[in-house]
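What's in protein_33.pdb: PDB, C-alpha atoms
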```
MODEL        1
ATOM      1  CA  MET L   1      -2.023  36.653 -15.029  1.00  0.00           C
ATOM      2  CA  ASN L   2      -1.379  39.283 -17.695  1.00  0.00           C
ATOM      3  CA  ALA L   3       1.720  40.659 -19.382  1.00  0.00           C
ATOM      4  CA  ASN L   4       2.175  43.268 -16.638  1.00  0.00           C
ATOM      5  CA  THR L   5       2.438  40.614 -13.915  1.00  0.00           C
ATOM      6  CA  LEU L   6       4.805  38.258 -15.759  1.00  0.00           C
ATOM      7  CA  ASP L   7       8.199  37.633 -14.286  1.00  0.00           C
ATOM      8  CA  PRO L   8      10.735  39.479 -16.494  1.00  0.00           C
ATOM      9  CA  MET L   9      12.598  36.231 -17.217  1.00  0.00           C
ATOM     10  CA  ASP L  10       9.359  34.490 -18.265  1.00  0.00           C
ATOM     11  CA  GLN L  11       8.564  37.424 -20.535  1.00  0.00           C
ATOM     12  CA  LEU L  12      12.036  37.306 -22.082  1.00  0.00           C
ATOM     13  CA  LEU L  13      11.772  33.549 -22.660  1.00  0.00           C
ATOM     14  CA  ALA L  14       8.351  33.967 -24.292  1.00  0.00           C
ATOM     15  CA  GLU L  15       9.650  36.736 -26.566  1.00  0.00           C
ATOM     16  CA  ARG L  16      12.617  34.615 -27.608  1.00  0.00           C
ATOM     17  CA  ALA L  17      10.446  31.544 -28.275  1.00  0.00           C
ATOM     18  CA  CYS L  18       8.203  33.624 -30.550  1.00  0.00           C
ATOM     19  CA  GLU L  19      11.197  35.180 -32.339  1.00  0.00           C
ATOM     20  CA  ARG L  20      12.527  31.671 -32.876  1.00  0.00           C
ATOM     21  CA  LEU L  21       9.239  30.634 -34.536  1.00  0.00           C
ATOM     22  CA  ILE L  22       9.431  33.625 -36.879  1.00  0.00           C
ATOM     23  CA  ILE L  23      12.975  32.699 -37.911  1.00  0.00           C
ATOM     24  CA  GLU L  24      12.239  28.974 -38.107  1.00  0.00           C
ATOM     25  CA  PHE L  25       9.301  29.677 -40.431  1.00  0.00           C
ATOM     26  CA  VAL L  26      11.452  31.345 -43.104  1.00  0.00           C
ATOM     27  CA  HIS L  27      14.319  28.908 -42.583  1.00  0.00           C
ATOM     28  CA  ARG L  28      12.040  25.941 -43.312  1.00  0.00           C
ATOM     29  CA  LEU L  29      10.573  27.643 -46.389  1.00  0.00           C
ATOM     30  CA  ASP L  30      13.936  28.649 -47.820  1.00  0.00           C
ATOM     31  CA  LEU L  31      16.325  25.923 -46.686  1.00  0.00           C
ATOM     32  CA  GLY L  32      14.302  23.073 -45.285  1.00  0.00           C
ATOM     33  CA  ASP L  33      11.154  21.140 -45.978  1.00  0.00           C
ATOM     34  CA  PRO L  34       8.427  23.712 -46.766  1.00  0.00           C
ATOM     35  CA  SER L  35       5.574  21.408 -45.736  1.00  0.00           C
ATOM     36  CA  SER L  36       7.089  21.187 -42.223  1.00  0.00           C
ATOM     37  CA  VAL L  37       6.156  24.852 -41.683  1.00  0.00           C
ATOM     38  CA  ALA L  38       2.741  23.483 -40.662  1.00  0.00           C
ATOM     39  CA  GLU L  39       4.299  22.067 -37.465  1.00  0.00           C
ATOM     40  CA  LEU L  40       4.993  25.614 -36.259  1.00  0.00           C
ATOM     41  CA  PHE L  41       1.255  26.360 -36.152  1.00  0.00           C
ATOM     42  CA  ALA L  42      -1.325  25.342 -33.572  1.00  0.00           C
ATOM     43  CA  GLN L  43      -3.666  22.573 -34.790  1.00  0.00           C
ATOM     44  CA  ASP L  44      -6.234  25.218 -35.786  1.00  0.00           C
ATOM     45  CA  GLY L  45      -3.627  27.758 -36.908  1.00  0.00           C
ATOM     46  CA  ALA L  46      -4.183  29.974 -39.944  1.00  0.00           C
ATOM     47  CA  TRP L  47      -2.088  31.586 -42.705  1.00  0.00           C
ATOM     48  CA  GLN L  48      -3.882  34.474 -44.371  1.00  0.00           C
ATOM     49  CA  TRP L  49      -3.490  37.254 -46.888  1.00  0.00           C
ATOM     50  CA  PRO L  50      -6.202  39.918 -46.631  1.00  0.00           C
ATOM     51  CA  ALA L  51      -5.429  40.991 -50.213  1.00  0.00           C
ATOM     52  CA  GLY L  52      -7.147  38.355 -52.300  1.00  0.00           C
ATOM     53  CA  ASP L  53      -9.004  37.025 -49.259  1.00  0.00           C
ATOM     54  CA  ARG L  54      -6.821  33.902 -48.961  1.00  0.00           C
ATOM     55  CA  ARG L  55      -6.914  31.882 -45.757  1.00  0.00           C
ATOM     56  CA  ILE L  56      -5.524  28.405 -45.061  1.00  0.00           C
ATOM     57  CA  THR L  57      -6.617  26.902 -41.728  1.00  0.00           C
ATOM     58  CA  GLY L  58      -5.460  23.788 -39.888  1.00  0.00           C
ATOM     59  CA  ARG L  59      -2.167  21.900 -39.928  1.00  0.00           C
ATOM     60  CA  ASP L  60      -3.182  19.427 -42.626  1.00  0.00           C
ATOM     61  CA  ALA L  61      -4.260  22.190 -45.010  1.00  0.00           C
ATOM     62  CA  LEU L  62      -1.127  24.202 -44.184  1.00  0.00           C
ATOM     63  CA  ARG L  63       1.086  21.169 -44.864  1.00  0.00           C
ATOM     64  CA  ILE L  64      -0.507  20.742 -48.293  1.00  0.00           C
ATOM     65  CA  TYR L  65      -0.336  24.473 -49.062  1.00  0.00           C
ATOM     66  CA  PHE L  66       3.334  24.953 -48.149  1.00  0.00           C
ATOM     67  CA  GLY L  67       4.293  21.570 -49.584  1.00  0.00           C
ATOM     68  CA  SER L  68       2.917  22.578 -52.986  1.00  0.00           C
ATOM     69  CA  ARG L  69       5.752  25.016 -53.660  1.00  0.00           C
ATOM     70  CA  PRO L  70       7.448  24.332 -57.001  1.00  0.00           C
ATOM     71  CA  ALA L  71      10.372  21.930 -56.488  1.00  0.00           C
ATOM     72  CA  ASP L  72      12.618  24.192 -58.605  1.00  0.00           C
ATOM     73  CA  ARG L  73      11.939  27.349 -56.556  1.00  0.00           C
ATOM     74  CA  LEU L  74      14.877  29.160 -54.981  1.00  0.00           C
ATOM     75  CA  SER L  75      13.888  31.681 -52.339  1.00  0.00           C
ATOM     76  CA  ARG L  76      15.487  33.682 -49.589  1.00  0.00           C
ATOM     77  CA  ARG L  77      13.586  35.799 -47.117  1.00  0.00           C
ATOM     78  CA  VAL L  78      15.139  38.535 -45.041  1.00  0.00           C
ATOM     79  CA  CYS L  79      13.258  39.297 -41.824  1.00  0.00           C
ATOM     80  CA  THR L  80      13.941  42.310 -39.643  1.00  0.00           C
ATOM     81  CA  ASN L  81      12.360  44.672 -37.120  1.00  0.00           C
ATOM     82  CA  ILE L  82      10.868  41.748 -35.192  1.00  0.00           C
ATOM     83  CA  LEU L  83       8.749  43.191 -32.397  1.00  0.00           C
ATOM     84  CA  VAL L  84       7.170  40.623 -30.068  1.00  0.00           C
ATOM     85  CA  THR L  85       4.639  41.727 -27.471  1.00  0.00           C
ATOM     86  CA  VAL L  86       3.760  39.232 -24.768  1.00  0.00           C
ATOM     87  CA  THR L  87       0.092  39.747 -23.918  1.00  0.00           C
ATOM     88  CA  SER L  88      -0.262  37.042 -21.233  1.00  0.00           C
ATOM     89  CA  ALA L  89       1.554  34.003 -19.910  1.00  0.00           C
ATOM     90  CA  ASP L  90       0.248  32.011 -22.894  1.00  0.00           C
ATOM     91  CA  THR L  91      -0.313  34.567 -25.682  1.00  0.00           C
ATOM     92  CA  ALA L  92       1.759  37.019 -27.685  1.00  0.00           C
ATOM     93  CA  THR L  93       1.708  39.048 -30.891  1.00  0.00           C
ATOM     94  CA  ALA L  94       4.458  40.167 -33.253  1.00  0.00           C
ATOM     95  CA  THR L  95       5.118  42.323 -36.283  1.00  0.00           C
ATOM     96  CA  THR L  96       8.005  41.423 -38.599  1.00  0.00           C
ATOM     97  CA  TYR L  97       9.165  43.176 -41.761  1.00  0.00           C
ATOM     98  CA  PHE L  98      10.258  40.898 -44.612  1.00  0.00           C
ATOM     99  CA  THR L  99      11.759  40.987 -48.087  1.00  0.00           C
ATOM    100  CA  THR L 100      11.487  37.962 -50.393  1.00  0.00           C
ATOM    101  CA  TYR L 101      13.865  37.132 -53.219  1.00  0.00           C
ATOM    102  CA  ARG L 102      12.563  34.267 -55.365  1.00  0.00           C
ATOM    103  CA  VAL L 103      12.957  32.582 -58.759  1.00  0.00           C
ATOM    104  CA  ASP L 104      11.531  29.421 -60.284  1.00  0.00           C
ATOM    105  CA  GLY L 105      13.437  27.132 -62.648  1.00  0.00           C
ATOM    106  CA  TYR L 106      16.481  26.927 -60.362  1.00  0.00           C
ATOM    107  CA  SER L 107      18.782  23.932 -60.745  1.00  0.00           C
ATOM    108  CA  GLU L 108      22.160  24.964 -59.280  1.00  0.00           C
ATOM    109  CA  GLY L 109      24.772  27.672 -58.997  1.00  0.00           C
ATOM    110  CA  LEU L 110      24.521  31.400 -58.541  1.00  0.00           C
ATOM    111  CA  VAL L 111      21.551  33.335 -59.847  1.00  0.00           C
ATOM    112  CA  PRO L 112      22.160  36.849 -61.222  1.00  0.00           C
ATOM    113  CA  PRO L 113      20.846  39.491 -58.795  1.00  0.00           C
ATOM    114  CA  GLN L 114      17.116  40.058 -58.996  1.00  0.00           C
ATOM    115  CA  PRO L 115      14.969  42.689 -57.293  1.00  0.00           C
ATOM    116  CA  PRO L 116      12.843  41.384 -54.436  1.00  0.00           C
ATOM    117  CA  VAL L 117       9.454  39.980 -55.443  1.00  0.00           C
ATOM    118  CA  GLN L 118       7.819  40.932 -52.152  1.00  0.00           C
ATOM    119  CA  VAL L 119       8.311  43.479 -49.403  1.00  0.00           C
ATOM    120  CA  GLY L 120       5.870  43.682 -46.552  1.00  0.00           C
ATOM    121  CA  HIS L 121       5.232  42.603 -43.009  1.00  0.00           C
ATOM    122  CA  TYR L 122       3.774  39.704 -41.060  1.00  0.00           C
ATOM    123  CA  GLU L 123       1.390  40.160 -38.172  1.00  0.00           C
ATOM    124  CA  ASP L 124       1.467  37.093 -35.957  1.00  0.00           C
ATOM    125  CA  THR L 125      -0.451  35.814 -32.973  1.00  0.00           C
ATOM    126  CA  PHE L 126       1.038  33.097 -30.810  1.00  0.00           C
ATOM    127  CA  ARG L 127      -0.220  30.862 -28.071  1.00  0.00           C
ATOM    128  CA  ARG L 128       1.474  28.430 -25.767  1.00  0.00           C
ATOM    129  CA  VAL L 129       0.057  24.915 -26.029  1.00  0.00           C
ATOM    130  CA  ASP L 130       1.261  22.340 -23.499  1.00  0.00           C
ATOM    131  CA  GLY L 131       4.308  24.494 -22.785  1.00  0.00           C
ATOM    132  CA  THR L 132       5.253  25.035 -26.464  1.00  0.00           C
ATOM    133  CA  TRP L 133       4.830  28.333 -28.269  1.00  0.00           C
ATOM    134  CA  LEU L 134       3.060  28.005 -31.651  1.00  0.00           C
ATOM    135  CA  LEU L 135       1.673  30.329 -34.291  1.00  0.00           C
ATOM    136  CA  SER L 136      -2.087  30.824 -33.955  1.00  0.00           C
ATOM    137  CA  ALA L 137      -2.260  32.983 -37.050  1.00  0.00           C
ATOM    138  CA  ARG L 138       0.109  34.611 -39.502  1.00  0.00           C
ATOM    139  CA  THR L 139      -1.225  37.416 -41.657  1.00  0.00           C
ATOM    140  CA  LEU L 140       0.857  38.634 -44.587  1.00  0.00           C
ATOM    141  CA  PHE L 141       0.599  42.262 -45.686  1.00  0.00           C
ATOM    142  CA  LEU L 142       2.346  43.228 -48.908  1.00  0.00           C
ATOM    143  CA  SER L 143       3.509  46.765 -49.611  1.00  0.00           C
ATOM    144  CA  PHE L 144       5.389  45.859 -52.790  1.00  0.00           C
ATOM    145  CA  ALA L 145       4.861  42.765 -54.939  1.00  0.00           C
ATOM    146  CA  GLY L 146       5.858  41.420 -58.325  1.00  0.00           C
ATOM    147  CA  THR L 147       5.827  38.173 -60.226  1.00  0.00           C
ATOM    148  CA  THR L 148       8.228  35.312 -59.624  1.00  0.00           C
ATOM    149  CA  GLN L 149      10.572  35.083 -62.576  1.00  0.00           C
ATOM    150  CA  ARG L 150      11.332  31.739 -64.210  1.00  0.00           C
ATOM    151  CA  LEU L 151      14.957  31.115 -65.102  1.00  0.00           C
ATOM    152  CA  ASN L 152      15.773  29.760 -68.531  1.00  0.00           C
ATOM    153  CA  ALA L 153      18.040  26.765 -69.122  1.00  0.00           C
ATOM    154  CA  SER L 154      21.172  28.899 -68.751  1.00  0.00           C
ATOM    155  CA  GLY L 155      20.094  30.024 -65.268  1.00  0.00           C
ATOM    156  CA  THR L 156      19.183  33.594 -66.225  1.00  0.00           C
ATOM    157  CA  SER L 157      15.799  35.249 -66.371  1.00  0.00           C
TER
ENDMDL
END
```

Would you give me this structure, written as structure tokens?
Amino acid sequence: MNANTLDPMDQLLAERACERLIIEFVHRLDLGDPSSVAELFAQDGAWQWPAGDRRITGRDALRIYFGSRPADRLSRRVCTNILVTVTSADTATATTYFTTYRVDGYSEGLVPPQPPVQVGHYEDTFRRVDGTWLLSARTLFLSFAGTTQRLNASGTS
């Protein structure tokens, strides 16, 4: 069975499940427990950045990587233009544009507006494992990038 022979409802459900993973990923990083992002990946899943040749493979390594975020980091990611392509009954790909706003040294309250520290896109591959859609690989491509600012004691940069 390939994507051309999928029932339209099955294709729609697969697309939505993959979109949900994309959204859940940033939600867990920004508002949840960052180390739990690893659960969204297949056991052998990978997070990679071609620039700098960084690659983290496997749930345990991903849990450590995402869990090592600074405890005082405030971040918000905006994802848009999510395009999921179902390639078979158990595989799919997606491209998602993102913008990341981020500061370190956050304790509470409002932070004065900052420019985004990253703008780019993710290229994802998904596979269905025991009926559950998971990320096989997420590759991050940056078009614009800067340093994460550290707030001072008064909450400004």

| said: So that I can see what lies close to L:Pro116, please list as an MDAnalysis selection string the residues with an atom at most 6 Å from it, counting only C-alpha atoms and leaving out residues fewer than 2 positions away in the same chain. | reply: chainID L and resid 100:101 118

Using 12 Å as the limit and counting only C-alpha atoms, can you tabulate each residue of stretch 47-138 of chain L that touches stretch 9-20 of chain L, with its shortest atom-to-atom distance in Å and the two atoms involved, as CSV?
```
residue,atom,partner,partner_atom,distance
L:Cys79,CA,L:Glu19,CA,10.5
L:Thr80,CA,L:Glu19,CA,10.6
L:Asn81,CA,L:Glu19,CA,10.7
L:Ile82,CA,L:Glu19,CA,7.2
L:Leu83,CA,L:Glu19,CA,8.4
L:Val84,CA,L:Glu15,CA,5.8
L:Thr85,CA,L:Glu15,CA,7.1
L:Val86,CA,L:Glu15,CA,6.6
L:Thr87,CA,L:Gln11,CA,9.4
L:Ser88,CA,L:Gln11,CA,8.9
L:Ala89,CA,L:Gln11,CA,7.8
L:Asp90,CA,L:Ala14,CA,8.5
L:Thr91,CA,L:Ala14,CA,8.8
L:Ala92,CA,L:Cys18,CA,7.8
L:Thr93,CA,L:Cys18,CA,8.5
L:Ala94,CA,L:Cys18,CA,8.0
L:Thr95,CA,L:Glu19,CA,10.2
L:Thr96,CA,L:Glu19,CA,9.4
L:Asp124,CA,L:Cys18,CA,9.3
L:Thr125,CA,L:Cys18,CA,9.2
L:Phe126,CA,L:Cys18,CA,7.2
L:Arg127,CA,L:Cys18,CA,9.2
L:Arg128,CA,L:Ala14,CA,9.0
L:Gly131,CA,L:Ala14,CA,10.4
L:Thr132,CA,L:Ala17,CA,8.5
L:Trp133,CA,L:Ala17,CA,6.5
L:Leu134,CA,L:Cys18,CA,7.7
L:Leu135,CA,L:Cys18,CA,8.2
L:Ser136,CA,L:Cys18,CA,11.2
```

Keeping only C-alpha atoms, take the residues you just selected and write them out as a PDB file, in the frame of the given file.
```pdb
ATOM      1  CA  CYS L  79      13.258  39.297 -41.824  1.00  0.00           C
ATOM      2  CA  THR L  80      13.941  42.310 -39.643  1.00  0.00           C
ATOM      3  CA  ASN L  81      12.360  44.672 -37.120  1.00  0.00           C
ATOM      4  CA  ILE L  82      10.868  41.748 -35.192  1.00  0.00           C
ATOM      5  CA  LEU L  83       8.749  43.191 -32.397  1.00  0.00           C
ATOM      6  CA  VAL L  84       7.170  40.623 -30.068  1.00  0.00           C
ATOM      7  CA  THR L  85       4.639  41.727 -27.471  1.00  0.00           C
ATOM      8  CA  VAL L  86       3.760  39.232 -24.768  1.00  0.00           C
ATOM      9  CA  THR L  87       0.092  39.747 -23.918  1.00  0.00           C
ATOM     10  CA  SER L  88      -0.262  37.042 -21.233  1.00  0.00           C
ATOM     11  CA  ALA L  89       1.554  34.003 -19.910  1.00  0.00           C
ATOM     12  CA  ASP L  90       0.248  32.011 -22.894  1.00  0.00           C
ATOM     13  CA  THR L  91      -0.313  34.567 -25.682  1.00  0.00           C
ATOM     14  CA  ALA L  92       1.759  37.019 -27.685  1.00  0.00           C
ATOM     15  CA  THR L  93       1.708  39.048 -30.891  1.00  0.00           C
ATOM     16  CA  ALA L  94       4.458  40.167 -33.253  1.00  0.00           C
ATOM     17  CA  THR L  95       5.118  42.323 -36.283  1.00  0.00           C
ATOM     18  CA  THR L  96       8.005  41.423 -38.599  1.00  0.00           C
ATOM     19  CA  ASP L 124       1.467  37.093 -35.957  1.00  0.00           C
ATOM     20  CA  THR L 125      -0.451  35.814 -32.973  1.00  0.00           C
ATOM     21  CA  PHE L 126       1.038  33.097 -30.810  1.00  0.00           C
ATOM     22  CA  ARG L 127      -0.220  30.862 -28.071  1.00  0.00           C
ATOM     23  CA  ARG L 128       1.474  28.430 -25.767  1.00  0.00           C
ATOM     24  CA  GLY L 131       4.308  24.494 -22.785  1.00  0.00           C
ATOM     25  CA  THR L 132       5.253  25.035 -26.464  1.00  0.00           C
ATOM     26  CA  TRP L 133       4.830  28.333 -28.269  1.00  0.00           C
ATOM     27  CA  LEU L 134       3.060  28.005 -31.651  1.00  0.00           C
ATOM     28  CA  LEU L 135       1.673  30.329 -34.291  1.00  0.00           C
ATOM     29  CA  SER L 136      -2.087  30.824 -33.955  1.00  0.00           C
TER      30      SER L 136
END
```

Report the residues retrieved by the PyMOL selection byres ((chain L and resi 149) around 6) from the displayed file, expressed as a compact mmCIF listing (two decimals) with C-alpha atoms, in the frame of the given file.
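New file selection09.txt:
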```txt
# COMPACT_ATOMS: atom_id res chain seq x y z
CA VAL L 103 12.96 32.58 -58.76
CA THR L 148 8.23 35.31 -59.62
CA ARG L 150 11.33 31.74 -64.21
```

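When only C-alpha atoms are used to compute distances to L:His27, the closest of the residues L:Arg77, L:Asp104, L:Arg59, L:Leu110 turns out to be L:Arg77.
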
| query | Given the choices L:Ser107, L:Gln114, L:Gln48, L:Ser75, which gets closest to L:Arg28 if the distance is worked out from all atoms listed in the file? | reply | L:Ser75

| 8 Å contact set for L:Leu140, all atoms listed in the file, chain neighbours under 3 positions out, as a PyMOL selection string | chain L and resi 47-50+120-123

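Atom CA of L:Ser35 sits 22.2 Å away from atom CA of L:Thr147.
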
Padding of 4 Å on every side, edges along x, y and z, all listed atoms of stretch 87-97 of chain L included: what centre and edge lengths in Å, to one decimal, does that box have, as AutoDock Vina command-line options?
```
--center_x 4.4 --center_y 37.6 --center_z -30.8 --size_x 17.5 --size_y 19.2 --size_z 29.9
```
